[in-house]
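Chemist: Below are the structure tokens for one structure; questions will follow.
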Amino acid sequence: MRALVIRGHGDLSQLQLTDVSPPRVADPGDVLVRVQAAALNHLDLWTLRGLPGLSLEFPHVLGADGAGIVAEVGDGVARIAVGDRVMINPGICCYRCKECRAGEQSQCERFALLGEHRSGTLAEYVVVPEHNVLPVPTLPDSLLALSWAEAAAFPLVTLTAWRMLVTRARLQHGERVFIWGIGGGVSSAALAIAKLKGAFVIVTSSSKRKLEIARRLGADVTLDHTNQDVVREVRQLTGERGVDVVVDNVGEATWDRSLRLLARGGRLVTCGATAGAKAQIDVRRLFWHQWTILGSTMGSAAEFHEIMRLLGHGRLRPVMDATYPLDRAVDAFLRLERGEQLGKIAVEMS
Ligand SMILES: [Zn+2]
């Protein structure tokens, strides 16, 4: 089968479109999916560059997000049949341990991501457990049907942003949310979810074009973090109070400002550190203002079901940036690496 692989860790020159052996259904609970579209995530760039503790066999197929048609099922598969159109939850766990049985699959000790710890979706076929697929929902008549690219682009960032805002930060109607860097997939999903929950949303970008798009997507206030003092602007906007929730996937570069944006009792929620992993905190400010700092990774099976239900009702939909054919997947990565996108970049297989 054709696949986009990395031949080793490094830069984009390690990417190669090549033929590899297709994966096989090895476990009775596995399904083989003929991928129709995959979507890129920042995770793919981290995997390409190499992560501490990550040891891969090369060539390695990248890609966490994908959607397609079931081509084969293991003997133990009951809920999914050959020919089903499915979307993939990229977070794979053991489904047996205490955390998994308690419904906290992303806290499983064996938690792994497609394309990072095992062969991914940027290929004509991928194998995943039956638990990790759900049928592509049929949207109400008044809404356009989902494209394969949209189906592929939805799960990872929406699940991540849902857990961050709804499960971890317990976002309430009318609260104020601040989101750094609206171009990223998690940030644009967080904007959609925060608006769905009735929050007042402030977003930032260094790009005028992206801020305009963010306004069309429902952002209440847009700030350019390269030439505006965001802390001062937010203090003014909120009558010196600050915001209730900050979504920070940037890390070191924004951490101190994220804390200064928080109101008393505010929550900072993070799922990534794209610009530096070490951050500092003044413990006196932490306890005096009664802040909460929340880490979040992917989401649970129940959260995946919930976002899929909202997708089916037309209440959530991925923000799409661009779609490339598999032949031009390297160009898609170039766009992601340069940070030119607002929303998701997808790759279609045929
Ligand atoms: Zn487990």
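Residue numbering restarts at 1 for every chain of the structure tokens, chains are lettered A, B, ... in their displayed order, and ligands are numbered from 1 as they appear.
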Neighbouring residues of ligand 1 are defined here as those with any atom at most 12 Å from a ligand atom, counting only C-alpha atoms and all ligand atoms; list them as JSON, numbers by chain.

Modeler: {"A": [91, 92, 93, 94, 95, 96, 97, 98, 99, 100, 101, 102, 103, 104, 105, 106, 107, 108, 109, 110, 111, 112, 300, 301]}

Chemist: Could you please take those selected residues and save N, CA, C and O atoms as a JSON list (two decimals), in the first residue's frame?

Modeler:
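The resulting part-v8.json:
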```
[["chain", "number", "residue", "atom", "x", "y", "z"],
["A", 91, "GLY", "N", -6.65, 7.73, 20.11],
["A", 91, "GLY", "CA", -6.08, 7.35, 21.40],
["A", 91, "GLY", "C", -6.38, 5.88, 21.70],
["A", 91, "GLY", "O", -7.54, 5.50, 21.88],
["A", 92, "ILE", "N", -5.33, 5.06, 21.73],
["A", 92, "ILE", "CA", -5.54, 3.61, 21.88],
["A", 92, "ILE", "C", -5.05, 3.17, 23.26],
["A", 92, "ILE", "O", -3.94, 3.53, 23.67],
["A", 93, "CYS", "N", -5.90, 2.41, 23.97],
["A", 93, "CYS", "CA", -5.55, 1.99, 25.32],
["A", 93, "CYS", "C", -5.79, 0.50, 25.45],
["A", 93, "CYS", "O", -6.16, -0.17, 24.47],
["A", 94, "CYS", "N", -5.61, -0.05, 26.67],
["A", 94, "CYS", "CA", -5.71, -1.51, 26.83],
["A", 94, "CYS", "C", -7.15, -1.98, 27.02],
["A", 94, "CYS", "O", -7.46, -3.14, 26.80],
["A", 95, "TYR", "N", -8.04, -1.09, 27.43],
["A", 95, "TYR", "CA", -9.46, -1.39, 27.69],
["A", 95, "TYR", "C", -9.66, -2.41, 28.81],
["A", 95, "TYR", "O", -10.74, -2.95, 28.97],
["A", 96, "ARG", "N", -8.62, -2.70, 29.60],
["A", 96, "ARG", "CA", -8.74, -3.71, 30.66],
["A", 96, "ARG", "C", -8.33, -3.19, 32.04],
["A", 96, "ARG", "O", -8.82, -3.68, 33.04],
["A", 97, "CYS", "N", -7.41, -2.22, 32.06],
["A", 97, "CYS", "CA", -6.86, -1.80, 33.36],
["A", 97, "CYS", "C", -7.91, -1.02, 34.17],
["A", 97, "CYS", "O", -9.00, -0.71, 33.69],
["A", 98, "LYS", "N", -7.53, -0.68, 35.40],
["A", 98, "LYS", "CA", -8.44, 0.03, 36.32],
["A", 98, "LYS", "C", -8.91, 1.35, 35.70],
["A", 98, "LYS", "O", -10.10, 1.67, 35.74],
["A", 99, "GLU", "N", -7.98, 2.11, 35.13],
["A", 99, "GLU", "CA", -8.35, 3.40, 34.54],
["A", 99, "GLU", "C", -9.30, 3.21, 33.36],
["A", 99, "GLU", "O", -10.28, 3.93, 33.23],
["A", 100, "CYS", "N", -8.99, 2.26, 32.50],
["A", 100, "CYS", "CA", -9.84, 2.00, 31.34],
["A", 100, "CYS", "C", -11.24, 1.59, 31.79],
["A", 100, "CYS", "O", -12.24, 2.07, 31.26],
["A", 101, "ARG", "N", -11.31, 0.70, 32.79],
["A", 101, "ARG", "CA", -12.62, 0.23, 33.25],
["A", 101, "ARG", "C", -13.39, 1.35, 33.95],
["A", 101, "ARG", "O", -14.61, 1.36, 33.96],
["A", 102, "ALA", "N", -12.66, 2.31, 34.50],
["A", 102, "ALA", "CA", -13.32, 3.46, 35.15],
["A", 102, "ALA", "C", -13.71, 4.52, 34.12],
["A", 102, "ALA", "O", -14.23, 5.58, 34.48],
["A", 103, "GLY", "N", -13.43, 4.26, 32.84],
["A", 103, "GLY", "CA", -13.82, 5.22, 31.80],
["A", 103, "GLY", "C", -12.82, 6.33, 31.59],
["A", 103, "GLY", "O", -13.12, 7.33, 30.94],
["A", 104, "GLU", "N", -11.61, 6.18, 32.16],
["A", 104, "GLU", "CA", -10.57, 7.22, 31.97],
["A", 104, "GLU", "C", -9.49, 6.66, 31.05],
["A", 104, "GLU", "O", -8.34, 6.47, 31.43],
["A", 105, "GLN", "N", -9.90, 6.42, 29.77],
["A", 105, "GLN", "CA", -9.00, 5.73, 28.84],
["A", 105, "GLN", "C", -7.71, 6.50, 28.56],
["A", 105, "GLN", "O", -6.67, 5.90, 28.34],
["A", 106, "SER", "N", -7.77, 7.84, 28.58],
["A", 106, "SER", "CA", -6.54, 8.57, 28.27],
["A", 106, "SER", "C", -5.57, 8.58, 29.45],
["A", 106, "SER", "O", -4.47, 9.11, 29.34],
["A", 107, "GLN", "N", -5.98, 7.98, 30.59],
["A", 107, "GLN", "CA", -5.05, 7.82, 31.71],
["A", 107, "GLN", "C", -4.51, 6.39, 31.80],
["A", 107, "GLN", "O", -3.80, 6.05, 32.75],
["A", 108, "CYS", "N", -4.83, 5.57, 30.80],
["A", 108, "CYS", "CA", -4.33, 4.18, 30.75],
["A", 108, "CYS", "C", -2.80, 4.19, 30.69],
["A", 108, "CYS", "O", -2.21, 4.99, 29.97],
["A", 109, "GLU", "N", -2.18, 3.27, 31.45],
["A", 109, "GLU", "CA", -0.71, 3.19, 31.45],
["A", 109, "GLU", "C", -0.18, 2.83, 30.07],
["A", 109, "GLU", "O", 0.95, 3.14, 29.73],
["A", 110, "ARG", "N", -0.99, 2.14, 29.29],
["A", 110, "ARG", "CA", -0.54, 1.72, 27.96],
["A", 110, "ARG", "C", -1.11, 2.61, 26.86],
["A", 110, "ARG", "O", -1.16, 2.23, 25.70],
["A", 111, "PHE", "N", -1.56, 3.81, 27.25],
["A", 111, "PHE", "CA", -2.17, 4.73, 26.28],
["A", 111, "PHE", "C", -1.17, 5.04, 25.16],
["A", 111, "PHE", "O", -0.01, 5.35, 25.42],
["A", 112, "ALA", "N", -1.64, 4.96, 23.94],
["A", 112, "ALA", "CA", -0.76, 5.18, 22.79],
["A", 112, "ALA", "C", -1.54, 5.93, 21.72],
["A", 112, "ALA", "O", -2.77, 5.85, 21.66],
["A", 300, "SER", "N", -11.59, 10.60, 26.80],
["A", 300, "SER", "CA", -12.09, 9.25, 27.10],
["A", 300, "SER", "C", -13.04, 8.78, 26.00],
["A", 300, "SER", "O", -13.46, 9.55, 25.14],
["A", 301, "ALA", "N", -13.44, 7.50, 26.11],
["A", 301, "ALA", "CA", -14.40, 6.96, 25.15],
["A", 301, "ALA", "C", -15.73, 7.71, 25.26],
["A", 301, "ALA", "O", -16.38, 8.01, 24.25]]
```

Chemist: Determine, counting only C-alpha atoms, which protein, DNA and RNA residues have an atom within 6 Å of an atom of His9 in chain A; residues of the same chain fewer than 5 positions away are not included. Present the result as a list in words.

Modeler: Leu48, Arg49 and Gly50 of chain A

Chemist: Write a file of the selected residues as a PDB file, in the first residue's frame, keeping N, CA and C atoms.

Modeler:
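So the final result, stored in part-v7.pdb, reads:
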```
ATOM      1  N   LEU A  48       8.040  13.193  14.048  1.00  0.00           N
ATOM      2  CA  LEU A  48       9.101  13.297  13.040  1.00  0.00           C
ATOM      3  C   LEU A  48      10.426  13.735  13.683  1.00  0.00           C
ATOM      4  N   ARG A  49      10.360  14.743  14.537  1.00  0.00           N
ATOM      5  CA  ARG A  49      11.593  15.273  15.141  1.00  0.00           C
ATOM      6  C   ARG A  49      12.159  14.345  16.206  1.00  0.00           C
ATOM      7  N   GLY A  50      11.303  13.501  16.785  1.00  0.00           N
ATOM      8  CA  GLY A  50      11.754  12.582  17.835  1.00  0.00           C
ATOM      9  C   GLY A  50      11.381  13.105  19.203  1.00  0.00           C
TER      10      GLY A  50
END
```

Chemist: Could you check the closest approach to Leu51 in chain A for each of A:Glu116, A:Asp220, A:Glu72, A:Asp331 and tell me which residue wins, using only C-alpha atoms?

Modeler: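 Closest to Leu51 in chain A of all the choices is A:Glu116.
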
Chemist: Please list as a PyMOL selection string every residue within 12 Å of Trp162 in chain A, counting only C-alpha atoms and excluding residues in the same chain fewer than 6 positions away.

Modeler: chain A and resi 154-156+168-171+186-197+247+269+271+296-300+302-308+310+316

Chemist: Can you pull out every residue within 12 Å of range 250-258 of chain A, counting only C-alpha atoms, but drop anything in the same chain fewer than 4 positions away, and send it as a JSON list (two decimals) with N, CA and C atoms, in the first residue's frame?

Modeler:
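Result went into result-v6.json, see below:
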```
[["chain", "number", "residue", "atom", "x", "y", "z"],
["A", 42, "HIS", "N", -0.01, 18.70, 15.01],
["A", 42, "HIS", "CA", 1.33, 19.07, 15.44],
["A", 42, "HIS", "C", 2.10, 17.85, 15.95],
["A", 177, "VAL", "N", -13.28, 33.16, 28.30],
["A", 177, "VAL", "CA", -12.21, 32.23, 27.92],
["A", 177, "VAL", "C", -11.19, 32.97, 27.06],
["A", 178, "PHE", "N", -9.93, 32.70, 27.31],
["A", 178, "PHE", "CA", -8.85, 33.27, 26.50],
["A", 178, "PHE", "C", -8.10, 32.12, 25.82],
["A", 179, "ILE", "N", -7.93, 32.21, 24.48],
["A", 179, "ILE", "CA", -7.27, 31.14, 23.71],
["A", 179, "ILE", "C", -6.09, 31.73, 22.94],
["A", 180, "TRP", "N", -4.90, 31.19, 23.20],
["A", 180, "TRP", "CA", -3.70, 31.63, 22.46],
["A", 180, "TRP", "C", -3.67, 31.00, 21.07],
["A", 181, "GLY", "N", -3.21, 31.75, 20.07],
["A", 181, "GLY", "CA", -2.84, 31.18, 18.76],
["A", 181, "GLY", "C", -3.98, 30.45, 18.06],
["A", 182, "ILE", "N", -4.94, 31.19, 17.53],
["A", 182, "ILE", "CA", -6.16, 30.59, 17.01],
["A", 182, "ILE", "C", -5.93, 29.74, 15.75],
["A", 184, "GLY", "N", -4.03, 27.12, 15.37],
["A", 184, "GLY", "CA", -3.86, 25.70, 15.66],
["A", 184, "GLY", "C", -5.18, 24.96, 15.74],
["A", 186, "VAL", "N", -6.28, 22.60, 17.87],
["A", 186, "VAL", "CA", -6.91, 22.54, 19.19],
["A", 186, "VAL", "C", -7.53, 23.90, 19.53],
["A", 187, "SER", "N", -6.84, 24.98, 19.17],
["A", 187, "SER", "CA", -7.36, 26.32, 19.47],
["A", 187, "SER", "C", -8.66, 26.59, 18.72],
["A", 204, "THR", "N", -6.14, 35.05, 20.19],
["A", 204, "THR", "CA", -5.01, 35.80, 19.65],
["A", 204, "THR", "C", -4.43, 35.11, 18.42],
["A", 225, "HIS", "N", -1.09, 39.17, 19.29],
["A", 225, "HIS", "CA", -0.15, 39.07, 20.42],
["A", 225, "HIS", "C", 1.26, 39.55, 20.07],
["A", 226, "THR", "N", 1.49, 39.87, 18.78],
["A", 226, "THR", "CA", 2.83, 40.37, 18.43],
["A", 226, "THR", "C", 2.94, 41.89, 18.64],
["A", 229, "ASP", "N", -0.36, 44.44, 23.89],
["A", 229, "ASP", "CA", -0.11, 43.93, 25.23],
["A", 229, "ASP", "C", -1.38, 43.20, 25.67],
["A", 230, "VAL", "N", -1.40, 41.89, 25.48],
["A", 230, "VAL", "CA", -2.65, 41.15, 25.68],
["A", 230, "VAL", "C", -3.12, 41.20, 27.14],
["A", 231, "VAL", "N", -2.18, 41.22, 28.07],
["A", 231, "VAL", "CA", -2.59, 41.26, 29.49],
["A", 231, "VAL", "C", -3.31, 42.58, 29.77],
["A", 232, "ARG", "N", -2.73, 43.69, 29.28],
["A", 232, "ARG", "CA", -3.36, 45.00, 29.52],
["A", 232, "ARG", "C", -4.73, 45.08, 28.83],
["A", 233, "GLU", "N", -4.78, 44.58, 27.57],
["A", 233, "GLU", "CA", -6.05, 44.61, 26.82],
["A", 233, "GLU", "C", -7.15, 43.81, 27.56],
["A", 234, "VAL", "N", -6.78, 42.63, 28.02],
["A", 234, "VAL", "CA", -7.77, 41.78, 28.69],
["A", 234, "VAL", "C", -8.20, 42.39, 30.02],
["A", 235, "ARG", "N", -7.26, 42.98, 30.74],
["A", 235, "ARG", "CA", -7.59, 43.65, 32.01],
["A", 235, "ARG", "C", -8.60, 44.76, 31.75],
["A", 242, "GLY", "N", -9.97, 39.97, 34.75],
["A", 242, "GLY", "CA", -9.28, 38.84, 34.13],
["A", 242, "GLY", "C", -10.28, 37.82, 33.60],
["A", 243, "VAL", "N", -9.76, 36.73, 33.04],
["A", 243, "VAL", "CA", -10.64, 35.72, 32.45],
["A", 243, "VAL", "C", -10.76, 34.50, 33.37],
["A", 244, "ASP", "N", -11.80, 33.72, 33.15],
["A", 244, "ASP", "CA", -12.05, 32.55, 33.99],
["A", 244, "ASP", "C", -11.20, 31.35, 33.56],
["A", 245, "VAL", "N", -10.99, 31.24, 32.25],
["A", 245, "VAL", "CA", -10.25, 30.08, 31.73],
["A", 245, "VAL", "C", -9.26, 30.54, 30.66],
["A", 246, "VAL", "N", -8.01, 30.08, 30.77],
["A", 246, "VAL", "CA", -7.02, 30.29, 29.71],
["A", 246, "VAL", "C", -6.67, 28.94, 29.10],
["A", 262, "LEU", "N", -5.47, 35.51, 34.33],
["A", 262, "LEU", "CA", -6.50, 34.80, 35.10],
["A", 262, "LEU", "C", -7.15, 35.68, 36.16],
["A", 263, "ALA", "N", -8.47, 35.53, 36.26],
["A", 263, "ALA", "CA", -9.21, 36.16, 37.36],
["A", 263, "ALA", "C", -8.97, 35.35, 38.63],
["A", 266, "GLY", "N", -9.49, 31.55, 38.73],
["A", 266, "GLY", "CA", -9.39, 31.17, 37.32],
["A", 266, "GLY", "C", -8.68, 29.84, 37.12],
["A", 267, "ARG", "N", -8.88, 29.25, 35.92],
["A", 267, "ARG", "CA", -8.27, 27.96, 35.60],
["A", 267, "ARG", "C", -7.42, 28.10, 34.35],
["A", 268, "LEU", "N", -6.19, 27.60, 34.43],
["A", 268, "LEU", "CA", -5.32, 27.54, 33.25],
["A", 268, "LEU", "C", -5.28, 26.07, 32.82],
["A", 269, "VAL", "N", -5.64, 25.80, 31.58],
["A", 269, "VAL", "CA", -5.64, 24.42, 31.11],
["A", 269, "VAL", "C", -4.69, 24.28, 29.93],
["A", 270, "THR", "N", -3.84, 23.24, 29.99],
["A", 270, "THR", "CA", -2.83, 23.06, 28.95],
["A", 270, "THR", "C", -2.81, 21.62, 28.44],
["A", 271, "CYS", "N", -2.54, 21.49, 27.14],
["A", 271, "CYS", "CA", -2.39, 20.15, 26.55],
["A", 271, "CYS", "C", -1.14, 20.10, 25.70],
["A", 272, "GLY", "N", -0.29, 21.14, 25.80],
["A", 272, "GLY", "CA", 0.90, 21.10, 24.95],
["A", 272, "GLY", "C", 1.88, 22.19, 25.31],
["A", 273, "ALA", "N", 3.08, 22.06, 24.77],
["A", 273, "ALA", "CA", 4.13, 23.04, 25.03],
["A", 273, "ALA", "C", 4.94, 23.22, 23.74],
["A", 274, "THR", "N", 4.32, 23.90, 22.78],
["A", 274, "THR", "CA", 4.98, 24.03, 21.48],
["A", 274, "THR", "C", 6.17, 24.99, 21.53],
["A", 275, "ALA", "N", 6.20, 25.90, 22.52],
["A", 275, "ALA", "CA", 7.33, 26.84, 22.62],
["A", 275, "ALA", "C", 7.92, 26.81, 24.03],
["A", 276, "GLY", "N", 8.58, 25.71, 24.34],
["A", 276, "GLY", "CA", 9.27, 25.61, 25.62],
["A", 276, "GLY", "C", 8.48, 24.85, 26.67],
["A", 277, "ALA", "N", 9.15, 23.92, 27.36],
["A", 277, "ALA", "CA", 8.45, 23.02, 28.27],
["A", 277, "ALA", "C", 8.62, 23.39, 29.74],
["A", 278, "LYS", "N", 9.55, 24.30, 30.05],
["A", 278, "LYS", "CA", 9.79, 24.64, 31.46],
["A", 278, "LYS", "C", 9.16, 25.99, 31.76],
["A", 279, "ALA", "N", 8.27, 26.01, 32.76],
["A", 279, "ALA", "CA", 7.63, 27.27, 33.12],
["A", 279, "ALA", "C", 7.75, 27.47, 34.61],
["A", 280, "GLN", "N", 7.65, 28.72, 35.05],
["A", 280, "GLN", "CA", 7.78, 29.03, 36.47],
["A", 280, "GLN", "C", 6.47, 29.54, 37.03],
["A", 281, "ILE", "N", 6.33, 29.46, 38.32],
["A", 281, "ILE", "CA", 5.14, 30.02, 38.95],
["A", 281, "ILE", "C", 5.50, 30.59, 40.32],
["A", 282, "ASP", "N", 4.89, 31.73, 40.64],
["A", 282, "ASP", "CA", 5.03, 32.31, 41.97],
["A", 282, "ASP", "C", 3.93, 31.67, 42.82],
["A", 285, "ARG", "N", 1.18, 33.78, 44.43],
["A", 285, "ARG", "CA", 0.07, 34.25, 43.58],
["A", 285, "ARG", "C", -0.91, 33.11, 43.33],
["A", 286, "LEU", "N", -0.37, 31.89, 43.18],
["A", 286, "LEU", "CA", -1.22, 30.71, 42.92],
["A", 286, "LEU", "C", -2.24, 30.52, 44.05],
["A", 291, "TRP", "N", -5.97, 30.00, 42.01],
["A", 291, "TRP", "CA", -5.98, 29.51, 40.64],
["A", 291, "TRP", "C", -5.92, 27.99, 40.63],
["A", 293, "ILE", "N", -4.41, 24.93, 38.00],
["A", 293, "ILE", "CA", -3.65, 24.60, 36.77],
["A", 293, "ILE", "C", -3.99, 23.15, 36.40],
["A", 295, "GLY", "N", -3.74, 19.94, 33.65],
["A", 295, "GLY", "CA", -3.18, 19.27, 32.49],
["A", 295, "GLY", "C", -4.27, 18.44, 31.83]]
```

Chemist: Taking the DSSP assignment computed from this structure's backbone, write out as an MDAnalysis selection string all residues of range 122-282 of chain A that belong to strand (DSSP E or B).

Modeler: chainID A and resid 123 125:129 133:135 176:179 200:205 221:224 243:247 262:270

Chemist: Out of A:Ile6, A:Leu15, A:Ile69, A:Ala78, which residue has the shortest atom-to-atom distance to Gly29 in chain A when counting only C-alpha atoms?

Modeler: A:Ala78

Chemist: What does the distance from CA of Lys344 in chain A to CA of Tyr324 in chain A come to in Å, to one decimal?

Modeler: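 Taking CA of Lys344 in chain A as the start and CA of Tyr324 in chain A as the end point, the length is 11.2 Å.
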